[in-house]
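K.L.:
So here's model-v4.cif, just mmCIF, C-alpha atoms:
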data_my_file
#
loop_
_atom_site.label_atom_id
_atom_site.label_comp_id
_atom_site.auth_asym_id
_atom_site.auth_seq_id
_atom_site.Cartn_x
_atom_site.Cartn_y
_atom_site.Cartn_z
CA MET A 132 103.90 109.47 114.72
CA ALA A 133 100.98 107.08 114.13
CA TYR A 134 97.37 108.02 114.83
CA GLN A 135 94.45 105.65 114.34
CA THR A 136 90.72 105.99 114.65
CA THR A 137 87.68 103.94 113.74
CA LEU A 138 84.71 105.57 112.06
CA ALA A 139 81.20 104.11 111.74
CA PHE A 140 78.94 104.93 108.81
CA SER A 141 75.37 103.98 108.05
CA THR A 142 74.82 103.43 104.37
CA PHE A 143 71.48 103.85 102.65
CA GLY A 144 71.84 100.83 100.42
CA ARG A 145 73.69 100.73 97.13
CA GLY A 146 75.43 103.99 96.29
CA SER A 147 78.40 106.10 97.26
CA ARG A 148 78.69 108.78 99.93
CA ASP A 149 81.40 111.38 100.35
CA ILE A 150 83.47 110.72 103.49
CA THR A 151 86.24 113.21 102.69
CA ASP A 152 85.38 115.51 105.59
CA ALA A 153 85.53 112.68 108.13
CA VAL A 154 88.95 111.60 106.86
CA ALA A 155 90.17 115.20 106.83
CA GLN A 156 89.03 115.56 110.44
CA ALA A 157 91.08 112.50 111.44
CA VAL A 158 94.12 114.03 109.74
CA ALA A 159 93.60 117.31 111.64
CA THR A 160 93.25 115.46 114.95
CA SER A 161 96.39 113.42 114.27
CA GLY A 162 98.65 116.44 114.21
CA VAL A 163 100.61 114.92 111.32
CA ARG A 164 101.93 117.64 108.99
CA CYS A 165 103.71 115.50 106.37
CA GLY A 166 102.97 111.84 105.72
CA LEU A 167 100.20 109.50 104.64
CA ALA A 168 96.55 108.93 105.52
CA HIS A 169 95.24 105.42 105.02
CA VAL A 170 91.53 104.55 104.89
CA PHE A 171 90.33 100.95 105.12
CA VAL A 172 86.91 99.26 105.09
CA GLN A 173 86.63 96.09 107.16
CA HIS A 174 84.15 94.54 104.73
CA THR A 175 84.13 92.63 101.44
CA SER A 176 80.87 93.94 99.98
CA CYS A 177 81.53 97.69 100.07
CA SER A 178 84.59 99.60 98.95
CA LEU A 179 86.39 102.92 98.72
CA LEU A 180 86.74 105.14 95.69
CA ILE A 181 88.40 108.41 94.81
CA THR A 182 86.50 110.09 92.01
CA GLU A 183 85.05 113.42 90.92
CA ASN A 184 83.23 115.29 93.68
CA ALA A 185 81.55 117.91 91.49
CA ASP A 186 78.95 116.32 89.22
CA PRO A 187 76.97 113.49 90.88
CA ASP A 188 76.26 112.10 87.41
CA VAL A 189 79.80 110.70 87.43
CA ARG A 190 78.91 108.35 90.26
CA HIS A 191 75.58 107.56 88.61
CA ASP A 192 77.47 106.46 85.49
CA LEU A 193 80.01 104.44 87.52
CA GLU A 194 77.03 102.51 88.91
CA THR A 195 75.82 101.89 85.35
CA ILE A 196 79.17 100.43 84.34
CA MET A 197 79.40 98.34 87.50
CA ARG A 198 75.95 96.85 86.85
CA ARG A 199 77.35 95.68 83.52
CA LEU A 200 80.68 94.35 84.78
CA ALA A 201 79.22 92.75 87.91
CA PRO A 202 75.58 91.91 87.17
CA ASP A 203 73.24 91.18 90.05
CA GLY A 204 71.82 87.67 90.04
CA ASP A 205 74.15 86.43 87.32
CA PRO A 206 73.22 82.78 86.63
CA ALA A 207 76.94 81.92 86.65
CA TYR A 208 77.28 82.76 90.36
CA VAL A 209 77.52 79.82 92.77
CA HIS A 210 77.63 82.02 95.89
CA ASP A 211 74.14 83.50 96.29
CA GLN A 212 73.05 82.79 99.87
CA GLU A 213 72.26 86.41 100.64
CA GLY A 214 70.45 87.20 97.42
CA PRO A 215 71.16 88.48 93.91
CA ASP A 216 73.35 91.38 95.13
CA ASP A 217 75.59 89.19 97.32
CA MET A 218 78.16 87.98 94.81
CA SER A 219 77.96 91.09 92.64
CA ALA A 220 78.98 93.10 95.71
CA HIS A 221 82.13 90.97 96.08
CA VAL A 222 82.96 91.50 92.40
CA ARG A 223 82.54 95.27 92.80
CA SER A 224 84.83 95.13 95.83
CA MET A 225 87.44 93.24 93.79
CA LEU A 226 87.34 95.80 90.98
CA THR A 227 87.68 98.83 93.27
CA ALA A 228 89.56 99.26 96.58
CA THR A 229 89.30 98.01 100.15
CA GLY A 230 91.97 100.52 101.20
CA LEU A 231 93.14 103.90 99.92
CA THR A 232 96.20 105.97 100.82
CA VAL A 233 96.27 109.75 100.37
CA PRO A 234 99.30 111.99 100.92
CA VAL A 235 99.23 114.49 103.79
CA GLY A 236 101.14 117.76 103.40
CA GLY A 237 100.91 121.00 105.35
CA GLY A 238 98.72 119.13 107.81
CA ARG A 239 95.96 118.36 105.31
CA LEU A 240 94.92 115.80 102.70
CA LEU A 241 96.65 116.54 99.39
CA LEU A 242 93.64 115.76 97.24
CA GLY A 243 93.19 117.42 93.86
CA THR A 244 90.48 120.04 93.48
CA TRP A 245 87.98 117.58 92.00
CA GLN A 246 88.82 114.52 94.09
CA GLY A 247 86.58 113.21 96.84
CA ILE A 248 86.86 110.05 98.94
CA PHE A 249 83.71 107.94 98.73
CA LEU A 250 82.43 104.97 100.70
CA TRP A 251 80.65 102.80 98.15
CA GLU A 252 77.93 100.49 99.44
CA HIS A 253 77.44 97.60 97.04
CA ARG A 254 74.61 95.82 98.86
CA VAL A 255 71.04 96.89 98.16
CA ALA A 256 70.08 97.02 101.84
CA GLU A 257 71.30 99.52 104.42
CA HIS A 258 74.42 98.48 106.34
CA GLN A 259 76.58 99.66 109.20
CA ARG A 260 80.16 99.95 107.93
CA THR A 261 83.39 100.33 109.84
CA VAL A 262 86.25 102.38 108.43
CA VAL A 263 89.73 102.45 110.01
CA VAL A 264 91.75 105.63 109.37
CA THR A 265 95.49 105.56 110.10
CA VAL A 266 97.64 108.68 109.77
CA MET A 267 101.42 108.38 109.86
CA GLY A 268 104.17 110.93 109.47
CA GLU A 269 105.78 113.87 111.19
CA MET B 95 111.43 110.22 108.32
CA ALA B 96 108.91 111.59 105.79
CA TYR B 97 109.92 113.16 102.49
CA GLN B 98 107.47 114.58 100.00
CA THR B 99 107.79 116.08 96.55
CA THR B 100 105.43 117.07 93.76
CA LEU B 101 106.21 116.10 90.17
CA ALA B 102 104.64 117.58 87.04
CA PHE B 103 104.19 115.55 83.88
CA SER B 104 102.91 116.50 80.46
CA THR B 105 100.96 113.71 78.85
CA PHE B 106 100.59 113.26 75.12
CA GLY B 107 96.95 112.25 75.24
CA ARG B 108 95.67 108.77 75.95
CA GLY B 109 98.39 106.29 76.76
CA SER B 110 100.81 105.33 79.51
CA ARG B 111 104.31 106.60 80.18
CA ASP B 112 106.96 105.09 82.42
CA ILE B 113 107.62 107.31 85.47
CA THR B 114 109.70 104.76 87.39
CA ASP B 115 112.91 106.78 87.12
CA ALA B 116 111.29 109.92 88.53
CA VAL B 117 109.90 107.98 91.51
CA ALA B 118 113.27 106.27 92.04
CA GLN B 119 114.94 109.67 92.06
CA ALA B 120 112.57 110.88 94.79
CA VAL B 121 113.43 107.79 96.85
CA ALA B 122 117.15 108.47 96.42
CA THR B 123 116.70 112.11 97.46
CA SER B 124 114.65 111.12 100.51
CA GLY B 125 117.50 109.23 102.12
CA VAL B 126 115.03 106.55 103.27
CA ARG B 127 116.70 103.11 103.33
CA CYS B 128 113.78 100.95 104.51
CA GLY B 129 110.13 101.93 104.20
CA LEU B 130 107.47 102.79 101.66
CA ALA B 131 107.18 105.05 98.62
CA HIS B 132 103.69 106.31 97.81
CA VAL B 133 102.72 107.81 94.46
CA PHE B 134 99.45 109.70 93.99
CA VAL B 135 97.77 111.48 91.07
CA GLN B 136 95.63 114.49 91.98
CA HIS B 137 93.19 113.80 89.14
CA THR B 138 90.15 111.63 88.40
CA SER B 139 90.72 111.06 84.67
CA CYS B 140 94.22 109.59 84.71
CA SER B 141 95.67 106.88 86.90
CA LEU B 142 98.69 104.86 87.96
CA LEU B 143 99.59 101.33 86.96
CA ILE B 144 102.32 98.83 87.70
CA THR B 145 102.74 96.50 84.76
CA GLU B 146 105.34 94.90 82.51
CA ASN B 147 108.06 97.30 81.39
CA ALA B 148 109.59 95.08 78.68
CA ASP B 149 107.18 94.59 75.79
CA PRO B 150 105.12 97.73 74.94
CA ASP B 151 102.50 95.44 73.39
CA VAL B 152 101.33 94.69 76.93
CA ARG B 153 100.22 98.29 77.39
CA HIS B 154 98.74 98.30 73.90
CA ASP B 155 96.59 95.32 74.85
CA LEU B 156 95.60 96.88 78.19
CA GLU B 157 94.25 99.83 76.15
CA THR B 158 92.27 97.37 74.01
CA ILE B 159 90.64 95.83 77.06
CA MET B 160 89.93 99.23 78.61
CA ARG B 161 88.20 100.40 75.43
CA ARG B 162 85.89 97.42 75.87
CA LEU B 163 85.26 97.80 79.62
CA ALA B 164 84.93 101.60 79.50
CA PRO B 165 83.75 102.54 76.01
CA ASP B 166 84.11 106.13 74.85
CA GLY B 167 80.82 107.86 74.12
CA ASP B 168 78.70 105.10 75.61
CA PRO B 169 75.04 106.10 75.12
CA ALA B 170 74.37 105.10 78.74
CA TYR B 171 76.57 107.89 80.10
CA VAL B 172 74.80 110.91 81.57
CA HIS B 173 78.05 112.83 82.31
CA ASP B 174 79.45 113.89 78.93
CA GLN B 175 80.13 117.63 79.17
CA GLU B 176 83.74 117.32 78.08
CA GLY B 177 83.17 114.89 75.23
CA PRO B 178 83.04 111.15 74.58
CA ASP B 179 86.27 110.42 76.54
CA ASP B 180 85.15 112.29 79.68
CA MET B 181 83.15 109.60 81.49
CA SER B 182 85.18 106.72 80.09
CA ALA B 183 88.24 108.32 81.69
CA HIS B 184 86.53 108.27 85.10
CA VAL B 185 85.62 104.59 84.62
CA ARG B 186 89.24 103.77 83.73
CA SER B 187 90.35 105.63 86.85
CA MET B 188 87.90 103.59 88.96
CA LEU B 189 89.18 100.29 87.56
CA THR B 190 92.88 101.11 88.11
CA ALA B 191 94.59 103.16 90.85
CA THR B 192 94.80 106.78 91.94
CA GLY B 193 97.61 105.87 94.35
CA LEU B 194 100.28 103.15 94.49
CA THR B 195 102.63 102.12 97.29
CA VAL B 196 105.95 100.39 96.59
CA PRO B 197 108.33 99.02 99.24
CA VAL B 198 111.73 100.66 99.67
CA GLY B 199 114.68 98.50 100.78
CA GLY B 200 118.39 99.14 100.68
CA GLY B 201 117.54 102.71 99.70
CA ARG B 202 115.79 101.79 96.46
CA LEU B 203 112.38 100.78 95.09
CA LEU B 204 111.85 97.04 95.52
CA LEU B 205 110.20 96.51 92.16
CA GLY B 206 110.44 93.18 90.39
CA THR B 207 112.60 92.90 87.30
CA TRP B 208 109.69 93.35 84.90
CA GLN B 209 107.70 95.94 86.86
CA GLY B 210 107.47 99.57 85.83
CA ILE B 211 105.38 102.40 87.30
CA PHE B 212 103.25 104.07 84.63
CA LEU B 213 101.22 107.27 84.54
CA TRP B 214 98.18 106.46 82.43
CA GLU B 215 96.46 109.34 80.69
CA HIS B 216 92.86 108.44 79.94
CA ARG B 217 91.82 111.67 78.16
CA VAL B 218 92.41 111.94 74.44
CA ALA B 219 93.92 115.45 74.67
CA GLU B 220 97.27 116.35 76.24
CA HIS B 221 97.14 117.28 79.91
CA GLN B 222 99.40 118.57 82.65
CA ARG B 223 99.30 116.10 85.54
CA THR B 224 100.48 116.48 89.12
CA VAL B 225 101.91 113.52 91.00
CA VAL B 226 102.71 113.62 94.73
CA VAL B 227 105.45 111.25 95.90
CA THR B 228 105.77 110.58 99.63
CA VAL B 229 108.60 108.43 101.02
CA MET B 230 108.47 107.27 104.63
CA GLY B 231 110.78 105.07 106.68
CA GLU B 232 114.22 104.96 108.23
CA MET C 152 109.90 101.73 113.20
CA ALA C 153 110.13 99.97 109.82
CA TYR C 154 110.33 96.20 109.47
CA GLN C 155 110.62 94.41 106.14
CA THR C 156 110.69 90.79 105.10
CA THR C 157 110.46 88.85 101.86
CA LEU C 158 108.20 85.82 101.60
CA ALA C 159 108.31 83.15 98.90
CA PHE C 160 105.22 81.24 97.81
CA SER C 161 104.73 78.40 95.38
CA THR C 162 101.49 78.68 93.51
CA PHE C 163 99.62 75.74 92.04
CA GLY C 164 98.62 77.50 88.85
CA ARG C 165 95.63 79.77 88.45
CA GLY C 166 93.77 80.38 91.67
CA SER C 167 94.00 82.23 94.94
CA ARG C 168 95.52 81.14 98.23
CA ASP C 169 95.09 82.65 101.66
CA ILE C 170 98.33 84.29 102.88
CA THR C 171 96.79 86.11 105.84
CA ASP C 172 98.65 84.03 108.42
CA ALA C 173 102.04 84.74 106.84
CA VAL C 174 101.35 88.48 106.81
CA ALA C 175 100.07 88.35 110.39
CA GLN C 176 103.28 86.58 111.41
CA ALA C 177 105.36 89.38 109.85
CA VAL C 178 103.33 91.93 111.82
CA ALA C 179 103.92 90.00 115.05
CA THR C 180 107.65 89.78 114.36
CA SER C 181 107.85 93.51 113.57
CA GLY C 182 106.79 94.54 117.06
CA VAL C 183 104.68 97.36 115.57
CA ARG C 184 101.60 98.02 117.70
CA CYS C 185 99.97 100.84 115.70
CA GLY C 186 100.63 101.53 112.05
CA LEU C 187 100.37 99.96 108.61
CA ALA C 188 101.29 96.65 107.00
CA HIS C 189 102.02 96.74 103.28
CA VAL C 190 102.09 93.64 101.08
CA PHE C 191 103.55 93.75 97.55
CA VAL C 192 104.01 91.18 94.76
CA GLN C 193 107.07 91.70 92.56
CA HIS C 194 105.27 90.34 89.49
CA THR C 195 102.87 91.53 86.79
CA SER C 196 100.94 88.31 86.22
CA CYS C 197 99.71 87.60 89.74
CA SER C 198 98.10 89.94 92.23
CA LEU C 199 96.74 90.48 95.72
CA LEU C 200 93.13 90.53 96.82
CA ILE C 201 91.19 91.07 100.01
CA THR C 202 87.93 89.18 99.86
CA GLU C 203 85.67 86.87 101.83
CA ASN C 204 87.51 84.09 103.63
CA ALA C 205 84.50 81.98 104.58
CA ASP C 206 82.87 80.50 101.47
CA PRO C 207 85.35 79.39 98.79
CA ASP C 208 82.58 79.78 96.20
CA VAL C 209 83.22 83.53 96.36
CA ARG C 210 86.67 83.06 94.87
CA HIS C 211 85.30 80.55 92.39
CA ASP C 212 82.84 83.18 91.17
CA LEU C 213 85.54 85.88 91.04
CA GLU C 214 87.44 83.58 88.64
CA THR C 215 84.29 83.28 86.52
CA ILE C 216 83.98 87.04 86.22
CA MET C 217 87.69 87.45 85.49
CA ARG C 218 87.48 84.91 82.68
CA ARG C 219 84.84 87.14 81.15
CA LEU C 220 86.60 90.48 81.68
CA ALA C 221 90.05 89.20 80.71
CA PRO C 222 89.54 86.24 78.36
CA ASP C 223 92.42 83.85 77.73
CA GLY C 224 93.62 83.78 74.15
CA ASP C 225 91.57 86.79 73.09
CA PRO C 226 92.19 87.33 69.36
CA ALA C 227 92.65 91.06 70.04
CA TYR C 228 95.83 90.48 72.08
CA VAL C 229 99.13 91.31 70.38
CA HIS C 230 101.26 90.14 73.34
CA ASP C 231 101.00 86.34 73.41
CA GLN C 232 104.56 84.99 73.50
CA GLU C 233 103.98 82.88 76.59
CA GLY C 234 100.62 81.45 75.56
CA PRO C 235 96.91 82.25 75.83
CA ASP C 236 97.10 83.05 79.57
CA ASP C 237 99.99 85.52 79.22
CA MET C 238 98.15 88.74 78.37
CA SER C 239 95.01 87.81 80.29
CA ALA C 240 97.19 87.55 83.41
CA HIS C 241 98.41 91.14 82.89
CA VAL C 242 94.80 92.33 82.51
CA ARG C 243 93.82 90.54 85.72
CA SER C 244 96.77 92.21 87.44
CA MET C 245 95.63 95.63 86.16
CA LEU C 246 92.08 95.10 87.45
CA THR C 247 93.15 93.99 90.94
CA ALA C 248 96.15 95.03 93.09
CA THR C 249 99.92 94.64 93.03
CA GLY C 250 100.09 96.05 96.57
CA LEU C 251 97.72 96.18 99.54
CA THR C 252 97.93 98.13 102.80
CA VAL C 253 96.16 96.94 105.96
CA PRO C 254 95.98 98.87 109.24
CA VAL C 255 97.77 97.47 112.30
CA GLY C 256 96.31 98.15 115.76
CA GLY C 257 96.97 96.51 119.10
CA GLY C 258 99.86 94.71 117.40
CA ARG C 259 97.71 92.85 114.88
CA LEU C 260 96.15 93.21 111.43
CA LEU C 261 92.84 95.09 111.69
CA LEU C 262 91.02 92.93 109.17
CA GLY C 263 87.27 92.49 109.38
CA THR C 264 85.89 89.14 110.46
CA TRP C 265 85.30 87.94 106.91
CA GLN C 266 88.37 89.44 105.25
CA GLY C 267 91.34 87.35 104.11
CA ILE C 268 94.43 88.39 102.16
CA PHE C 269 94.88 86.26 99.04
CA LEU C 270 97.73 85.78 96.60
CA TRP C 271 96.08 85.30 93.24
CA GLU C 272 98.02 83.40 90.59
CA HIS C 273 96.79 84.34 87.13
CA ARG C 274 99.05 82.05 85.08
CA VAL C 275 97.88 78.51 84.42
CA ALA C 276 101.26 76.96 85.32
CA GLU C 277 102.82 76.80 88.79
CA HIS C 278 105.07 79.72 89.68
CA GLN C 279 107.38 80.83 92.46
CA ARG C 280 106.21 84.25 93.67
CA THR C 281 107.97 86.79 95.85
CA VAL C 282 106.00 88.96 98.28
CA VAL C 283 107.55 91.87 100.18
CA VAL C 284 105.90 92.73 103.51
CA THR C 285 106.73 96.09 105.10
CA VAL C 286 105.36 97.04 108.53
CA MET C 287 105.67 100.62 109.76
CA GLY C 288 104.49 102.35 112.91
CA GLU C 289 105.10 102.53 116.61
#
How does the structure come out when it is put into structure tokens?
P.N.:
Amino acid sequence: MAYQTTLAFSTFGRGSRDITDAVAQAVATSGVRCGLAHVFVQHTSCSLLITENADPDVRHDLETIMRRLAPDGDPAYVHDQEGPDDMSAHVRSMLTATGLTVPVGGGRLLLGTWQGIFLWEHRVAEHQRTVVVTVMGE
Amino acid sequence: MAYQTTLAFSTFGRGSRDITDAVAQAVATSGVRCGLAHVFVQHTSCSLLITENADPDVRHDLETIMRRLAPDGDPAYVHDQEGPDDMSAHVRSMLTATGLTVPVGGGRLLLGTWQGIFLWEHRVAEHQRTVVVTVMGE
Amino acid sequence: MAYQTTLAFSTFGRGSRDITDAVAQAVATSGVRCGLAHVFVQHTSCSLLITENADPDVRHDLETIMRRLAPDGDPAYVHDQEGPDDMSAHVRSMLTATGLTVPVGGGRLLLGTWQGIFLWEHRVAEHQRTVVVTVMGE
């Protein structure tokens, strides 16, 4: 069995938002009891992340580290047509994930207690982002 | 066909251990000949890694780089309830993988000669870790 | 339905090359209309990347950042048998992806307009690289 749906999200500029419920809803709709759920962003300047869903300071600190590893407006960047956050967004995408796969068991996402699925906007401005969810199994 | 099993591992504090044999055993039990094996940790402070299985110095050096990219006790961290290795463990998780997918062919994992699958504990203390393995295919 | 094929690529030393067409061809051959395509390198010193396919400066700048995060010939490396780009290649592999999964819909890869799939050689010398493509679905 293979079920596929496309979700649209507005982002509010740089930062991560929890999309676990939307993915869980796709799994419920699919009817798959045992298998895999795959989540994919069709963009190269935002990404997906599984991290702690309890204390928002975790995601605040991940931003801090990303600002260090992928500085905005780095003078070494050649690609800067869209501004100082253009190339840094591609670096952040490279260092995280364009797609994530989560096991499905008993008809639901087998996430750990403290795991959430986050859509991480790396551009400073608001964007419309498209996420493809595919659920396969029995 | 979809087969799923949950594995439990004790870690010995920070460091990586080879779990390739346990994943290969799940593939053998599944009866899948051609398809995909997916491995997933239900935690946000450990992760999965495919890297060289021959010289343990490789994993020693990966720790060295991670200490640089995700320093313990960084004064910039806001999230530090569980000590200096709490937030750094989340950063290490972000930079590596919560889930890995490996092709299955001829009934076995199609890893390269020098590839091993490692469970990477990022906390300094020992932990019990849960790994979900899902094998799908024909 | 599960289809699997092995692709061989010559690399020209460090740098990334677009392999989207080869993966798309495997999807077309598979006959899968809805499902997932998985791409996997059987090596620990090259990796896979989804990034912008329009401006090659993006990949130039990703190399710049990788040289910083994973320096060649770093004096801290213990593992250096094969030269100054040996260990740095393993670090680059750790920070990117050994495997990628892309959704398949309507019989084709559901990549965004600006997304390409790249094989990224991290060693300075030319190499022969093996890529396993597995397509599953209906």
K.L.:
Write out, as CSV, each residue of stretch 168-253 of chain C that has an atom at most 8 Å from stretch 170-194 of chain B, together with the closest pair of atoms and their distance in Å to one decimal, counting all atoms listed in the file, rows going by chain and rising number.
P.N.:
residue,atom,partner,partner_atom,distance
C:Met245,CA,B:Thr190,CA,6.4
C:Leu246,CA,B:Leu189,CA,5.9
C:Thr247,CA,B:Thr190,CA,7.7
C:Gly250,CA,B:Leu194,CA,7.4
K.L.:
Skipping near chain neighbours, those fewer than 4 positions away, what residues fall within 12 Å of C:Phe191 using only C-alpha atoms, listed as JSON, numbers by chain?
P.N.:
{"B": [130, 131, 144, 194, 195, 196, 197, 198, 203, 204, 205, 206, 209], "C": [155, 156, 157, 158, 159, 174, 195, 197, 198, 199, 200, 248, 249, 250, 251, 252, 253, 268, 269, 270, 280, 281, 282, 283, 284, 285, 286]}
K.L.:
Using all atoms listed in the file, which of A:Glu252, A:Asp205, A:Asp192, A:Glu257 sits nearest chain B?
P.N.:
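With all atoms listed in the file as the atom set, the closest residue is A:Asp192.
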K.L.:
With distances taken over all atoms listed in the file, which of C:His273, C:Ala177, C:Glu203, C:Cys185 is nearest to C:Arg218?
P.N.:
C:His273
K.L.:
Write out chain A, as a short mmCIF file (atom, residue, chain, number, x, y, z; two decimals) with C-alpha atoms, in the coordinates of the input, after superposing it onto chain B by least squares using every C-alpha atom paired in order.
P.N.:
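And here's part_31.cif as it stands now:
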data_model
loop_
_atom_site.label_atom_id
_atom_site.label_comp_id
_atom_site.auth_asym_id
_atom_site.auth_seq_id
_atom_site.Cartn_x
_atom_site.Cartn_y
_atom_site.Cartn_z
CA MET A 132 111.44 110.22 108.31
CA ALA A 133 108.91 111.58 105.79
CA TYR A 134 109.93 113.15 102.49
CA GLN A 135 107.47 114.59 99.99
CA THR A 136 107.78 116.06 96.55
CA THR A 137 105.44 117.07 93.76
CA LEU A 138 106.21 116.10 90.18
CA ALA A 139 104.63 117.58 87.04
CA PHE A 140 104.19 115.56 83.87
CA SER A 141 102.91 116.50 80.45
CA THR A 142 100.97 113.70 78.86
CA PHE A 143 100.59 113.25 75.12
CA GLY A 144 96.96 112.24 75.25
CA ARG A 145 95.66 108.77 75.95
CA GLY A 146 98.40 106.28 76.77
CA SER A 147 100.81 105.33 79.51
CA ARG A 148 104.32 106.61 80.19
CA ASP A 149 106.97 105.10 82.43
CA ILE A 150 107.63 107.32 85.46
CA THR A 151 109.71 104.77 87.39
CA ASP A 152 112.92 106.79 87.13
CA ALA A 153 111.29 109.92 88.54
CA VAL A 154 109.91 107.98 91.51
CA ALA A 155 113.26 106.27 92.05
CA GLN A 156 114.94 109.68 92.07
CA ALA A 157 112.57 110.88 94.80
CA VAL A 158 113.42 107.79 96.85
CA ALA A 159 117.16 108.48 96.43
CA THR A 160 116.71 112.12 97.46
CA SER A 161 114.67 111.13 100.51
CA GLY A 162 117.50 109.22 102.10
CA VAL A 163 115.05 106.54 103.27
CA ARG A 164 116.71 103.11 103.32
CA CYS A 165 113.78 100.95 104.50
CA GLY A 166 110.13 101.92 104.20
CA LEU A 167 107.47 102.79 101.66
CA ALA A 168 107.17 105.05 98.62
CA HIS A 169 103.70 106.31 97.81
CA VAL A 170 102.73 107.82 94.45
CA PHE A 171 99.46 109.70 93.99
CA VAL A 172 97.78 111.48 91.06
CA GLN A 173 95.64 114.48 91.98
CA HIS A 174 93.20 113.80 89.15
CA THR A 175 90.17 111.62 88.40
CA SER A 176 90.72 111.05 84.67
CA CYS A 177 94.23 109.59 84.70
CA SER A 178 95.66 106.86 86.89
CA LEU A 179 98.69 104.86 87.96
CA LEU A 180 99.59 101.34 86.96
CA ILE A 181 102.32 98.84 87.69
CA THR A 182 102.73 96.51 84.76
CA GLU A 183 105.34 94.91 82.51
CA ASN A 184 108.07 97.30 81.38
CA ALA A 185 109.59 95.09 78.69
CA ASP A 186 107.17 94.60 75.80
CA PRO A 187 105.13 97.73 74.94
CA ASP A 188 102.50 95.46 73.40
CA VAL A 189 101.32 94.70 76.95
CA ARG A 190 100.21 98.29 77.40
CA HIS A 191 98.75 98.32 73.89
CA ASP A 192 96.59 95.33 74.85
CA LEU A 193 95.59 96.89 78.20
CA GLU A 194 94.25 99.83 76.17
CA THR A 195 92.27 97.39 74.01
CA ILE A 196 90.64 95.83 77.06
CA MET A 197 89.93 99.22 78.62
CA ARG A 198 88.20 100.40 75.44
CA ARG A 199 85.89 97.43 75.88
CA LEU A 200 85.25 97.80 79.61
CA ALA A 201 84.93 101.59 79.50
CA PRO A 202 83.75 102.54 76.00
CA ASP A 203 84.11 106.12 74.85
CA GLY A 204 80.83 107.84 74.10
CA ASP A 205 78.71 105.09 75.61
CA PRO A 206 75.05 106.09 75.12
CA ALA A 207 74.38 105.09 78.75
CA TYR A 208 76.59 107.89 80.10
CA VAL A 209 74.81 110.92 81.57
CA HIS A 210 78.04 112.82 82.31
CA ASP A 211 79.45 113.89 78.93
CA GLN A 212 80.14 117.63 79.16
CA GLU A 213 83.75 117.31 78.08
CA GLY A 214 83.18 114.89 75.23
CA PRO A 215 83.04 111.15 74.57
CA ASP A 216 86.25 110.42 76.53
CA ASP A 217 85.14 112.28 79.68
CA MET A 218 83.14 109.61 81.48
CA SER A 219 85.17 106.72 80.10
CA ALA A 220 88.24 108.32 81.69
CA HIS A 221 86.52 108.26 85.10
CA VAL A 222 85.62 104.59 84.62
CA ARG A 223 89.24 103.77 83.74
CA SER A 224 90.34 105.63 86.86
CA MET A 225 87.90 103.59 88.96
CA LEU A 226 89.18 100.30 87.56
CA THR A 227 92.86 101.11 88.11
CA ALA A 228 94.59 103.16 90.84
CA THR A 229 94.80 106.78 91.93
CA GLY A 230 97.61 105.87 94.35
CA LEU A 231 100.27 103.16 94.48
CA THR A 232 102.62 102.13 97.29
CA VAL A 233 105.94 100.40 96.59
CA PRO A 234 108.31 99.01 99.23
CA VAL A 235 111.72 100.66 99.66
CA GLY A 236 114.65 98.50 100.79
CA GLY A 237 118.38 99.14 100.66
CA GLY A 238 117.53 102.70 99.70
CA ARG A 239 115.77 101.79 96.45
CA LEU A 240 112.37 100.79 95.08
CA LEU A 241 111.84 97.04 95.52
CA LEU A 242 110.20 96.52 92.15
CA GLY A 243 110.42 93.17 90.39
CA THR A 244 112.60 92.89 87.31
CA TRP A 245 109.69 93.36 84.91
CA GLN A 246 107.69 95.94 86.86
CA GLY A 247 107.47 99.58 85.85
CA ILE A 248 105.37 102.40 87.30
CA PHE A 249 103.24 104.07 84.63
CA LEU A 250 101.22 107.27 84.55
CA TRP A 251 98.18 106.45 82.44
CA GLU A 252 96.46 109.34 80.68
CA HIS A 253 92.85 108.45 79.94
CA ARG A 254 91.82 111.65 78.16
CA VAL A 255 92.43 111.94 74.43
CA ALA A 256 93.93 115.43 74.68
CA GLU A 257 97.27 116.36 76.23
CA HIS A 258 97.14 117.28 79.92
CA GLN A 259 99.40 118.58 82.65
CA ARG A 260 99.29 116.10 85.55
CA THR A 261 100.48 116.48 89.11
CA VAL A 262 101.92 113.52 91.00
CA VAL A 263 102.70 113.63 94.74
CA VAL A 264 105.45 111.25 95.90
CA THR A 265 105.79 110.57 99.63
CA VAL A 266 108.61 108.43 101.03
CA MET A 267 108.48 107.27 104.63
CA GLY A 268 110.77 105.07 106.66
CA GLU A 269 114.20 104.96 108.23
#
K.L.:
Could you please determine the separation between atom CA of B:Pro169 and atom CA of C:Thr215 in Å, to one decimal place?
P.N.:
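Separation between atom CA of B:Pro169 and atom CA of C:Thr215: 27.1 Å.
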K.L.:
One decimal, Å: what's the distance from atom CA of B:Thr145 over to atom CA of C:Met287, could you say?
P.N.:
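For atom CA of B:Thr145 relative to atom CA of C:Met287, the distance reads 25.5 Å.
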K.L.:
Which residues, written as a VMD selection string, have at least one atom at most 10 Å from A:Met132, with only C-alpha atoms counted and residues fewer than 6 positions away on the same chain left out?
P.N.:
(chain A and resid 161 to 163 166 266 to 269) or (chain B and resid 95) or (chain C and resid 152 185 to 186 288 to 289)
K.L.:
Where's the centre, and what are the edge lengths in Å to one decimal, of a box along x, y and z enclosing all listed atoms of stretch 254-260 of chain A padded 4 Å per side, as JSON?
P.N.:
{"center_x": 75.1, "center_y": 97.9, "center_z": 103.7, "size_x": 18.1, "size_y": 12.1, "size_z": 19.0}
K.L.:
One number please: atom CA of C:Ser167 to atom CA of A:Ser176, in Å, one decimal.
P.N.:
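Spanning atom CA of C:Ser167 to atom CA of A:Ser176 is a straight-line distance of 18.3 Å.
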